[in-house]
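Chemist: Input file: work-v2.cif. Contents: mmCIF, C-alpha atoms.
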```cif
data_work
#
loop_
_atom_site.group_PDB
_atom_site.id
_atom_site.type_symbol
_atom_site.label_atom_id
_atom_site.label_comp_id
_atom_site.auth_asym_id
_atom_site.auth_seq_id
_atom_site.Cartn_x
_atom_site.Cartn_y
_atom_site.Cartn_z
ATOM 1 C CA MET N 217 0.000 0.000 0.000
ATOM 2 C CA GLU N 218 2.883 2.379 0.637
ATOM 3 C CA GLU N 219 5.314 4.001 -1.699
ATOM 4 C CA MET N 220 6.249 6.947 0.532
ATOM 5 C CA CYS N 221 6.341 7.121 4.301
ATOM 6 C CA LEU N 222 3.123 8.134 6.041
ATOM 7 C CA LYS N 223 4.534 11.502 7.141
ATOM 8 C CA ASN N 224 5.180 12.356 3.500
ATOM 9 C CA TYR N 225 1.609 11.464 2.583
ATOM 10 C CA ALA N 226 0.423 13.754 5.400
ATOM 11 C CA TYR N 227 2.706 16.543 4.156
ATOM 12 C CA LEU N 228 1.388 16.177 0.617
ATOM 13 C CA GLY N 229 -2.207 15.776 1.796
ATOM 14 C CA ASP N 230 -1.979 19.012 3.778
ATOM 15 C CA ALA N 231 -0.993 20.898 0.616
ATOM 16 C CA VAL N 232 -3.625 19.201 -1.565
ATOM 17 C CA TRP N 233 -6.360 19.962 0.983
ATOM 18 C CA GLU N 234 -5.318 23.610 1.252
ATOM 19 C CA ILE N 235 -5.348 24.026 -2.543
ATOM 20 C CA PHE N 236 -8.805 22.435 -2.684
ATOM 21 C CA ILE N 237 -10.083 24.850 -0.038
ATOM 22 C CA ARG N 238 -8.419 27.874 -1.630
ATOM 23 C CA GLU N 239 -9.987 27.017 -4.996
ATOM 24 C CA LYS N 240 -13.382 27.151 -3.289
ATOM 25 C CA THR N 241 -12.805 30.240 -1.141
ATOM 26 C CA VAL N 242 -11.587 32.461 -3.988
ATOM 27 C CA LYS N 243 -15.053 32.086 -5.507
ATOM 28 C CA ILE N 244 -16.655 33.454 -2.339
ATOM 29 C CA THR N 245 -14.894 36.795 -1.882
ATOM 30 C CA ASP N 246 -11.962 38.881 -3.064
ATOM 31 C CA ASN N 247 -11.432 40.365 0.403
ATOM 32 C CA ALA N 248 -8.037 39.101 1.595
ATOM 33 C CA LYS N 249 -8.962 39.151 5.280
ATOM 34 C CA LYS N 250 -12.165 37.155 4.680
ATOM 35 C CA LEU N 251 -10.316 34.712 2.397
ATOM 36 C CA HIS N 252 -7.760 34.083 5.098
ATOM 37 C CA LYS N 253 -10.391 33.549 7.792
ATOM 38 C CA ILE N 254 -12.523 31.186 5.698
ATOM 39 C CA THR N 255 -9.468 29.220 4.567
ATOM 40 C CA THR N 256 -7.854 28.867 7.986
ATOM 41 C CA ASP N 257 -11.163 27.718 9.476
ATOM 42 C CA LYS N 258 -11.276 24.871 6.937
ATOM 43 C CA VAL N 259 -7.629 23.760 7.116
ATOM 44 C CA LYS N 260 -7.150 23.753 10.898
ATOM 45 C CA ALA N 261 -6.654 20.479 12.737
ATOM 46 C CA GLY N 262 -9.986 20.516 14.568
ATOM 47 C CA PHE N 263 -11.943 20.845 11.332
ATOM 48 C CA GLN N 264 -9.919 18.143 9.594
ATOM 49 C CA ALA N 265 -10.588 15.844 12.563
ATOM 50 C CA GLU N 266 -14.328 16.431 12.085
ATOM 51 C CA LEU N 267 -13.993 15.620 8.386
ATOM 52 C CA LEU N 268 -12.262 12.328 9.130
ATOM 53 C CA HIS N 269 -15.084 11.407 11.500
ATOM 54 C CA PHE N 270 -17.633 12.283 8.788
ATOM 55 C CA LEU N 271 -15.774 10.153 6.217
ATOM 56 C CA GLU N 272 -15.416 7.030 8.349
ATOM 57 C CA GLU N 273 -18.567 5.398 6.976
ATOM 58 C CA TYR N 274 -17.306 5.871 3.403
ATOM 59 C CA LEU N 275 -13.809 4.443 3.936
ATOM 60 C CA THR N 276 -12.738 1.005 2.770
ATOM 61 C CA ASP N 277 -11.029 -1.341 5.221
ATOM 62 C CA ASP N 278 -7.643 -0.505 3.659
ATOM 63 C CA GLU N 279 -8.347 3.224 4.003
ATOM 64 C CA LYS N 280 -9.396 2.757 7.631
ATOM 65 C CA GLU N 281 -6.111 0.963 8.279
ATOM 66 C CA LEU N 282 -4.166 3.764 6.585
ATOM 67 C CA ALA N 283 -6.025 6.318 8.728
ATOM 68 C CA ARG N 284 -5.328 4.289 11.876
ATOM 69 C CA ARG N 285 -1.637 4.240 11.080
ATOM 70 C CA GLY N 286 -1.724 7.979 10.316
ATOM 71 C CA ARG N 287 -3.327 8.654 13.705
ATOM 72 C CA ASN N 288 -0.486 6.773 15.366
ATOM 73 C CA LEU N 289 2.335 8.821 13.851
ATOM 74 C CA SER N 290 4.596 10.604 16.332
ATOM 75 C CA ILE N 291 3.407 14.080 17.255
ATOM 76 C CA PRO N 292 5.666 17.149 17.422
ATOM 77 C CA ILE N 293 6.127 18.366 20.995
ATOM 78 C CA GLY N 294 4.273 21.630 20.353
ATOM 79 C CA ARG N 295 1.139 19.772 19.299
ATOM 80 C CA ARG N 296 0.912 17.277 22.136
ATOM 81 C CA GLN N 297 -1.650 19.355 24.033
ATOM 82 C CA ILE N 298 -4.122 19.001 21.182
ATOM 83 C CA GLN N 299 -3.586 15.323 20.370
ATOM 84 C CA ALA N 300 -7.328 14.711 20.146
ATOM 85 C CA GLU N 301 -7.446 17.067 17.153
ATOM 86 C CA TYR N 302 -3.979 16.654 15.700
ATOM 87 C CA ARG N 303 -3.945 12.853 15.414
ATOM 88 C CA PRO N 304 -7.160 12.499 13.358
ATOM 89 C CA ALA N 305 -6.209 15.580 11.309
ATOM 90 C CA THR N 306 -2.922 13.885 10.439
ATOM 91 C CA ALA N 307 -4.829 10.727 9.508
ATOM 92 C CA PHE N 308 -7.080 12.828 7.238
ATOM 93 C CA GLU N 309 -4.024 14.377 5.568
ATOM 94 C CA VAL N 310 -2.416 10.937 5.106
ATOM 95 C CA LEU N 311 -5.538 9.745 3.293
ATOM 96 C CA VAL N 312 -5.710 12.834 1.077
ATOM 97 C CA GLY N 313 -2.024 12.492 0.201
ATOM 98 C CA TRP N 314 -2.405 8.782 -0.521
ATOM 99 C CA TRP N 315 -5.456 9.326 -2.752
ATOM 100 C CA TYR N 316 -3.671 12.148 -4.552
ATOM 101 C CA LYS N 317 -0.713 9.886 -5.386
ATOM 102 C CA HIS N 318 -2.579 6.633 -6.049
ATOM 103 C CA ASP N 319 -6.280 7.170 -6.763
ATOM 104 C CA LYS N 320 -7.305 10.607 -8.031
ATOM 105 C CA GLU N 321 -10.759 9.307 -8.950
ATOM 106 C CA ARG N 322 -11.330 8.310 -5.316
ATOM 107 C CA LEU N 323 -9.965 11.692 -4.189
ATOM 108 C CA ASP N 324 -12.461 13.459 -6.466
ATOM 109 C CA TYR N 325 -15.275 11.340 -5.026
ATOM 110 C CA ILE N 326 -14.236 12.187 -1.451
ATOM 111 C CA PHE N 327 -13.827 15.874 -2.270
ATOM 112 C CA ASN N 328 -17.331 15.897 -3.794
ATOM 113 C CA LEU N 329 -18.718 14.369 -0.593
ATOM 114 C CA LEU N 330 -16.879 16.932 1.509
ATOM 115 C CA GLU N 331 -17.897 19.818 -0.721
ATOM 116 C CA GLN N 332 -21.547 19.002 -0.008
ATOM 117 C CA LYS N 333 -20.776 18.938 3.723
ATOM 118 C CA LEU N 334 -18.815 22.212 3.566
ATOM 119 C CA GLU N 335 -21.703 24.045 1.889
ATOM 120 C CA PHE N 336 -19.706 26.443 -0.275
#
```
Could I get this structure in the form of structure tokens?

Modeler:
Amino acid sequence: MEEMCLKNYAYLGDAVWEIFIREKTVKITDNAKKLHKITTDKVKAGFQAELLHFLEEYLTDDEKELARRGRNLSIPIGRRQIQAEYRPATAFEVLVGWWYKHDKERLDYIFNLLEQKLEF
């Protein structure tokens, strides 16, 4: 299942998710302050943790295992106070990064599901 290490999938997934959100937010407003606020609300760890919870019923067994392993990655010292948010957010980013590298059709499907939930 792996080609890169899980941390690299999370790193890539973070960037892919932010681009997805930015593509949506630029259609909402051209006010830089509002763009920043809307974007940061959607890319923060707590929100990503909620998204992972929402997606759980749609995940395959392999994807659930990938998410479990992503949740168990070591956490930087500065983030240890918010483990309850950071761990599932990292798992979400691992999944996004994995789909981006290996299954863009699945990524599009997931993004369509999330777009309906996000109500842009």

Chemist: Return as a list in words the set of residues that the PyMOL selection byres ((chain N and resi 231-245) around 8) yields on the displayed structure.

Modeler: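 This file, filtered by the PyMOL selection byres ((chain N and resi 231-245) around 8), leaves Tyr227, Leu228, Gly229, Asp230, Asp246, Asn247, Lys250, Leu251, Ile254, Thr255, Lys258, Val259, Glu309, Val312, Gly313, Tyr316 and Phe336 of chain N.
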
Chemist: Determine the nearest neighbour of Arg284 (chain N) from the options N:Cys221, N:Leu271, N:Val310, N:Ala248, counting only C-alpha atoms.

Modeler: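 Distance minimum relative to Arg284 (chain N) lands on N:Val310.
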
Chemist: Nearest residue to Gln264 (chain N) out of N:Leu282, N:Leu222, N:Ala305, N:Ala300, using all atoms listed in the file?

Modeler: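 Looking only at the distances to Gln264 (chain N), the closest residue turns out to be N:Ala305.
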
Chemist: Could you tell me which residues the PyMOL selection byres ((chain N and resi 289) around 12) grabs in this file, written as number ranges by chain?

Modeler: N: 221-226, 282-288, 290-292, 296, 299, 302-307, 309-310

Chemist: Find the residue from N:Phe263, N:His252, N:Arg322, N:Ile298 that sits nearest to Leu275 (chain N); use all atoms listed in the file when measuring.

Modeler: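 Selected residue with least distance to Leu275 (chain N): N:Arg322.
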
Chemist: With all atoms listed in the file as the atoms that count, which of N:Glu281, N:Thr276, N:Glu266, N:His318 lies nearest to Lys333 (chain N)?

Modeler: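 Of N:Glu281, N:Thr276, N:Glu266, N:His318, the one nearest Lys333 (chain N) is N:Glu266, counting all atoms listed in the file.
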